[in-house]
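**Student:** Can you read through this structure? Questions will come right after.
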Amino acid sequence: MRNGKRKAVVWLAVLILTIPVWGQVSKVDQLKYPPLADFKIPQPTRLVLDNGLVLMLLEDHELPLVRATVLVHTGSRLEPAEKTGLAGLAGSVMRAGGTRKMSGDQLDDYLENKAAVIETSIGTSSGGASMTCLKKDFADVLPLLSDVLRQPIFDEGKLAVAKNRTIAGIARQNDDPQGILSREFNQLMYGESSPYARVPTYQTIGSITRDDLVAWHAKYYHPNRTIMGFVGDFKTSEVVDQVKKIFGDWKKGPEEKDSEVSLPNQAVTGVYQVEKADVTQSNIAVGHLGIRRDNPDYFAVTVLNQVLSGSFASRLFINVRSLKGLAYDVSGGIGAGWDYPGVFTMSMSTKTETTAAGIEALLEEARDLTAKPPTEEEVQKAKAAILNSFVFTSDSTEKILGQQLTYEYYGYPLDWLARYRQAIEKVNVSQVREAAAKYINPKQVAILVVGPPTGLDKPLSTFGAVKKIDITIPEPKQEKAPEATAETSGRAAALVEKALEAVGGVRIVDQVQSLEQTFSVAATTPQGELAIKSRTVMVFPDRFAQEVTLPGNSLTLVYSPGGAFVKAAGGVRPVPDEMKADWRNNLHHNAIGLLKQRNGAGFKAWTVGKGEVDGKGVEQLRVEVDGEAITVGIEEGSGRIVQMAYRGTDMTGARGDVVVTLSDFRQADTVILPFSAVQTFNGQPSMTIKVEKVAINPPVDEKLFAKE
């Protein structure tokens, strides 16, 4: 048959097949679909070893891979409040810190060479580990997973890196308004002291030691608290034999149950505000406590959530986004935890000048779920959407095994997913309406707004008395310094005079109006050494600018009484208020700047003892300047300032204890300055600094301090 005739025949066949359809319907909603085909979910093999370790295995021979997932009955909700953050650190350092047989770095190299992965973590209500490897390497990699779970050494160095990373997160926790909204709303729902809402602080992270991690592991990591699942290209009997061989001698732990976590007896209500002036939108959350998944109304609630916010055709999307135009993204629903209540919440971001309108729109939708209850059409569409997407929750053996492990962990029936589909099919409009009336109470909600305090369309007090939430990040408690006395203050004054002479003398120091220095910096990061070039210009008493050149990027940090900002290729952006003080303090984190402050009203110094720096004796001064406390080490004999210790930030913006040790003193123009410095952050190496060039009283380029 010629090509043209073949095409004609195909087209004719298509035409014939479509004619009946055209003849039967004229609108899309007239199309009829057959019932969904039966979808059978494969069930994994389940068995329990003599030591209590639960095994679940599901074969999948499509690819030559084996994946393991481990769940351990632990979680951050079990950690003491004063050690908040302990579980997360334990989960991270368990893998990163290595085992008795391999260091963390050796483990990295070994797994990388085999294209394998082992990871560990601990969340709110569970601990976890995972392993992925090629089928041919399974026998070699499985023992490593055992070592990580059973014999972690919690290396001190890796713990310090993990703590610094957590501290960096604490320092940035108020940068993102959505992050603030989520954190503070959780605390309103569960209570600020609840394990479901607590967040790490500098104080709690600083208090955590390696011994804490070792004790945590010893308490919770036992086979009878562990569920282990395998999916991939294997024979079940062979993997069971290997697991028994490697994990069979893991000794069973105590059978005691974990203590219950208490929850609030009643919903928190009221209007709450977090003032954040450096954003242009209001971020809003409205809600109260939700339910657990074992609630008999859970399936009706699931359909209700779909009606409220499950698709582009949902109520929130149509009414708040499309018709009222108040938000690009709006969402909501009744949260359901596996073994503790979730949160009912509706949230959105809107322009500052439509804040009150946005709140009212959310409250109206909550009220309308009862006043204008879900219709039969809404419920049927919601059920269809849930059921049509059901297959995507189980479209891989890995997903199926993950679900089964979760059901096993929280004590749900292993056929819960199959029951879920059947239960959704049975939900009717009356049940959905009853769920809306029972589990959504618009009169008992908390309203939280994160955004600018001015420019709102109506005051927040329109909705009730407003309670301000302070999100200031608390500093850790510092060891109290000895009180100043006439004797220690007098000795400090003499040492300051000695330090002035060591730099070049009183007259020389007082004549310094500006100081420019060029540095090369070797910064220590978790990824390795990072080379940085920097030029710093200080204009005393109150201006500071630093040009930083990184590999492939450069930026300028500027502080002046008028404000602080960062200039980069993407433009100029202001910095948060909490960072401004740190940048201002740079002006006296050097000998010249500190000594120039000696006669200021905010300067106070007294001796607090003696010490040693690089093998030489020093006298230590406690110096308070502009509200900052600095411990200054002055070398006996020379009078040089050889060390400064203070609370500061690292490259990530994290706050911590900074110690700068100064050396290689040389004549630079009219003064004597250190040309080398070594900095530690929270006791760990942070950076090595080499001074390449110094200029005293150079012409000041005002463009450097201008917002361009």
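Chain labels run A, B, ... following the order of the structure tokens; each chain numbers its residues from 1, and ligands are numbered from 1 in the order shown.
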Which stretch 597-705 of chain A residues have any atom within 7 Å of an atom of stretch 498-507 of chain A, and for each, what is the nearest pair of atoms with distance in Å to one decimal, counting only C-alpha atoms, rows sorted by chain and number, as a tab-separated table?

**Tutor:**
residue	atom	partner	partner_atom	distance
A:Ser638	CA	A:Ala502	CA	6.6
A:Gly639	CA	A:Ala499	CA	4.9
A:Arg640	CA	A:Ala499	CA	5.5
A:Ile641	CA	A:Ala499	CA	6.5
A:Val671	CA	A:Gly504	CA	5.1
A:Ile672	CA	A:Val503	CA	4.8
A:Leu673	CA	A:Val503	CA	6.7

**Student:** Tell me, as a PyMOL selection string, which residues lie within 10 Å of stretch 517-532 of chain A, counting only C-alpha atoms; anything in the same chain fewer than 3 positions away does not count.

**Tutor:** chain A and resi 158+161-162+164-165+535-538+546-551+554+650-652+675-680+684-696

**Student:** Please identify the strand (DSSP E) residues within stretch 190-407 of chain A (assignment by DSSP from backbone atoms) and present them as a VMD selection string.

**Tutor:** chain A and resid 226 to 232 270 to 275 281 to 289 291 to 292 330 to 337 341 to 351

**Student:** So the first atom is atom CA of A:Ile118 and the second is atom CA of A:Tyr410; what is the distance between them in Å, to one decimal place?

**Tutor:** 23.9 Å

**Student:** Do you know which residues are at most 10 Å from A:Gly609 counting only C-alpha atoms, after dropping those on the same chain fewer than 2 positions away, and could you put them as number ranges by chain?

**Tutor:** A: 482, 488, 606-607, 611, 618-622, 633

**Student:** Those residues with N, CA and C atoms, as a PDB file, in the first residue's frame please?

**Tutor:**
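New file out-v2.pdb:
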ATOM      1  N   PRO A 482      33.929  38.722  86.397  1.00  0.00           N
ATOM      2  CA  PRO A 482      34.113  39.350  87.711  1.00  0.00           C
ATOM      3  C   PRO A 482      33.758  40.831  87.643  1.00  0.00           C
ATOM      4  N   THR A 488      41.106  46.694  89.712  1.00  0.00           N
ATOM      5  CA  THR A 488      41.146  46.089  88.374  1.00  0.00           C
ATOM      6  C   THR A 488      40.936  47.136  87.284  1.00  0.00           C
ATOM      7  N   TRP A 606      38.344  46.552  82.686  1.00  0.00           N
ATOM      8  CA  TRP A 606      38.939  46.114  83.935  1.00  0.00           C
ATOM      9  C   TRP A 606      39.598  44.749  83.726  1.00  0.00           C
ATOM     10  N   THR A 607      40.577  44.421  84.482  1.00  0.00           N
ATOM     11  CA  THR A 607      41.282  43.150  84.327  1.00  0.00           C
ATOM     12  C   THR A 607      40.463  42.024  84.941  1.00  0.00           C
ATOM     13  N   GLY A 611      46.425  34.727  81.424  1.00  0.00           N
ATOM     14  CA  GLY A 611      46.318  33.568  80.571  1.00  0.00           C
ATOM     15  C   GLY A 611      47.565  33.403  79.740  1.00  0.00           C
ATOM     16  N   VAL A 618      49.734  36.527  79.056  1.00  0.00           N
ATOM     17  CA  VAL A 618      48.927  37.703  78.739  1.00  0.00           C
ATOM     18  C   VAL A 618      48.096  38.076  79.960  1.00  0.00           C
ATOM     19  N   GLU A 619      47.774  39.345  80.052  1.00  0.00           N
ATOM     20  CA  GLU A 619      46.778  39.810  81.011  1.00  0.00           C
ATOM     21  C   GLU A 619      45.486  40.043  80.248  1.00  0.00           C
ATOM     22  N   GLN A 620      44.387  39.613  80.826  1.00  0.00           N
ATOM     23  CA  GLN A 620      43.100  39.675  80.151  1.00  0.00           C
ATOM     24  C   GLN A 620      42.273  40.829  80.679  1.00  0.00           C
ATOM     25  N   LEU A 621      41.759  41.602  79.736  1.00  0.00           N
ATOM     26  CA  LEU A 621      40.882  42.724  80.062  1.00  0.00           C
ATOM     27  C   LEU A 621      39.465  42.396  79.609  1.00  0.00           C
ATOM     28  N   ARG A 622      38.532  42.763  80.433  1.00  0.00           N
ATOM     29  CA  ARG A 622      37.128  42.755  80.016  1.00  0.00           C
ATOM     30  C   ARG A 622      36.824  44.173  79.563  1.00  0.00           C
ATOM     31  N   GLY A 633      43.289  40.111  75.216  1.00  0.00           N
ATOM     32  CA  GLY A 633      44.529  39.598  75.778  1.00  0.00           C
ATOM     33  C   GLY A 633      45.689  40.523  75.417  1.00  0.00           C
TER      34      GLY A 633
END

**Student:** Have a look at A:Ala300, A:Leu289, A:Ile318, A:Ile246 and name the one nearest to A:Ala435; count only C-alpha atoms.

**Tutor:**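 Counting only C-alpha atoms, the residue closest to A:Ala435 is A:Ala300.
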
**Student:** Could you jot down the atom CA of A:Ser92 to atom CA of A:Phe154 separation for me, Å, one decimal place?

**Tutor:** 9.4 Å

**Student:** Enumerate, in order of chain and increasing residue number, the residues of stretch 476-516 of chain A with an atom no farther than 10 Å from stretch 202-217 of chain A, each with its shortest atom pair and distance in Å to one decimal, counting only C-alpha atoms, as CSV.

**Tutor:**
residue,atom,partner,partner_atom,distance
A:Pro476,CA,A:Gln203,CA,4.4
A:Lys477,CA,A:Gln203,CA,6.8
A:Gln478,CA,A:Gln203,CA,9.4

**Student:** For the residues in the current selection, export N, CA and C atoms as a PDB file, in the first residue's frame.

**Tutor:**
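Output contents, as saved in again-v2.pdb:
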ATOM      1  N   PRO A 476      22.927  33.060  74.156  1.00  0.00           N
ATOM      2  CA  PRO A 476      23.140  32.094  75.247  1.00  0.00           C
ATOM      3  C   PRO A 476      23.605  32.797  76.508  1.00  0.00           C
ATOM      4  N   LYS A 477      23.348  32.173  77.625  1.00  0.00           N
ATOM      5  CA  LYS A 477      23.810  32.742  78.886  1.00  0.00           C
ATOM      6  C   LYS A 477      25.332  32.662  78.938  1.00  0.00           C
ATOM      7  N   GLN A 478      25.945  33.788  79.222  1.00  0.00           N
ATOM      8  CA  GLN A 478      27.397  33.844  79.295  1.00  0.00           C
ATOM      9  C   GLN A 478      27.853  33.733  80.752  1.00  0.00           C
TER      10      GLN A 478
END

**Student:** Can you list every residue in stretch 412-519 of chain A that DSSP puts in helix (DSSP H, G or I), as a PyMOL selection string?

**Tutor:** chain A and resi 416-426+429-439+442-444+460-463+486-503+506-511

**Student:** Tell me which of A:Ala645, A:Asp147, A:Gly253, A:Ala492 sits closest to A:Arg598, counting only C-alpha atoms.

**Tutor:** A:Ala492

**Student:** I'd like the contact shell of A:Asp657 - 9 Å cut-off, only C-alpha atoms, skipping same-chain residues fewer than 2 positions apart - returned as a list in words.

**Tutor:**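 Result of the neighbour search: Ala645, Tyr646, Arg647, Gly648, Thr649, Arg655, Val659, Thr680, Phe681, Asn682 and Gly683 of chain A.
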
**Student:** Write out the residues from the selection above, keeping C-alpha atoms, as a tab-separated table (two decimals), in the first residue's frame.

**Tutor:**
chain	number	residue	atom	x	y	z
A	645	ALA	CA	37.29	37.14	72.09
A	646	TYR	CA	33.65	38.14	71.60
A	647	ARG	CA	30.24	36.97	70.42
A	648	GLY	CA	30.09	37.34	66.67
A	649	THR	CA	29.13	35.64	63.43
A	655	ARG	CA	26.24	33.63	65.95
A	659	VAL	CA	38.39	34.14	69.18
A	680	THR	CA	38.14	30.17	65.62
A	681	PHE	CA	34.35	29.93	65.80
A	682	ASN	CA	32.84	27.97	68.68
A	683	GLY	CA	36.25	26.45	69.27
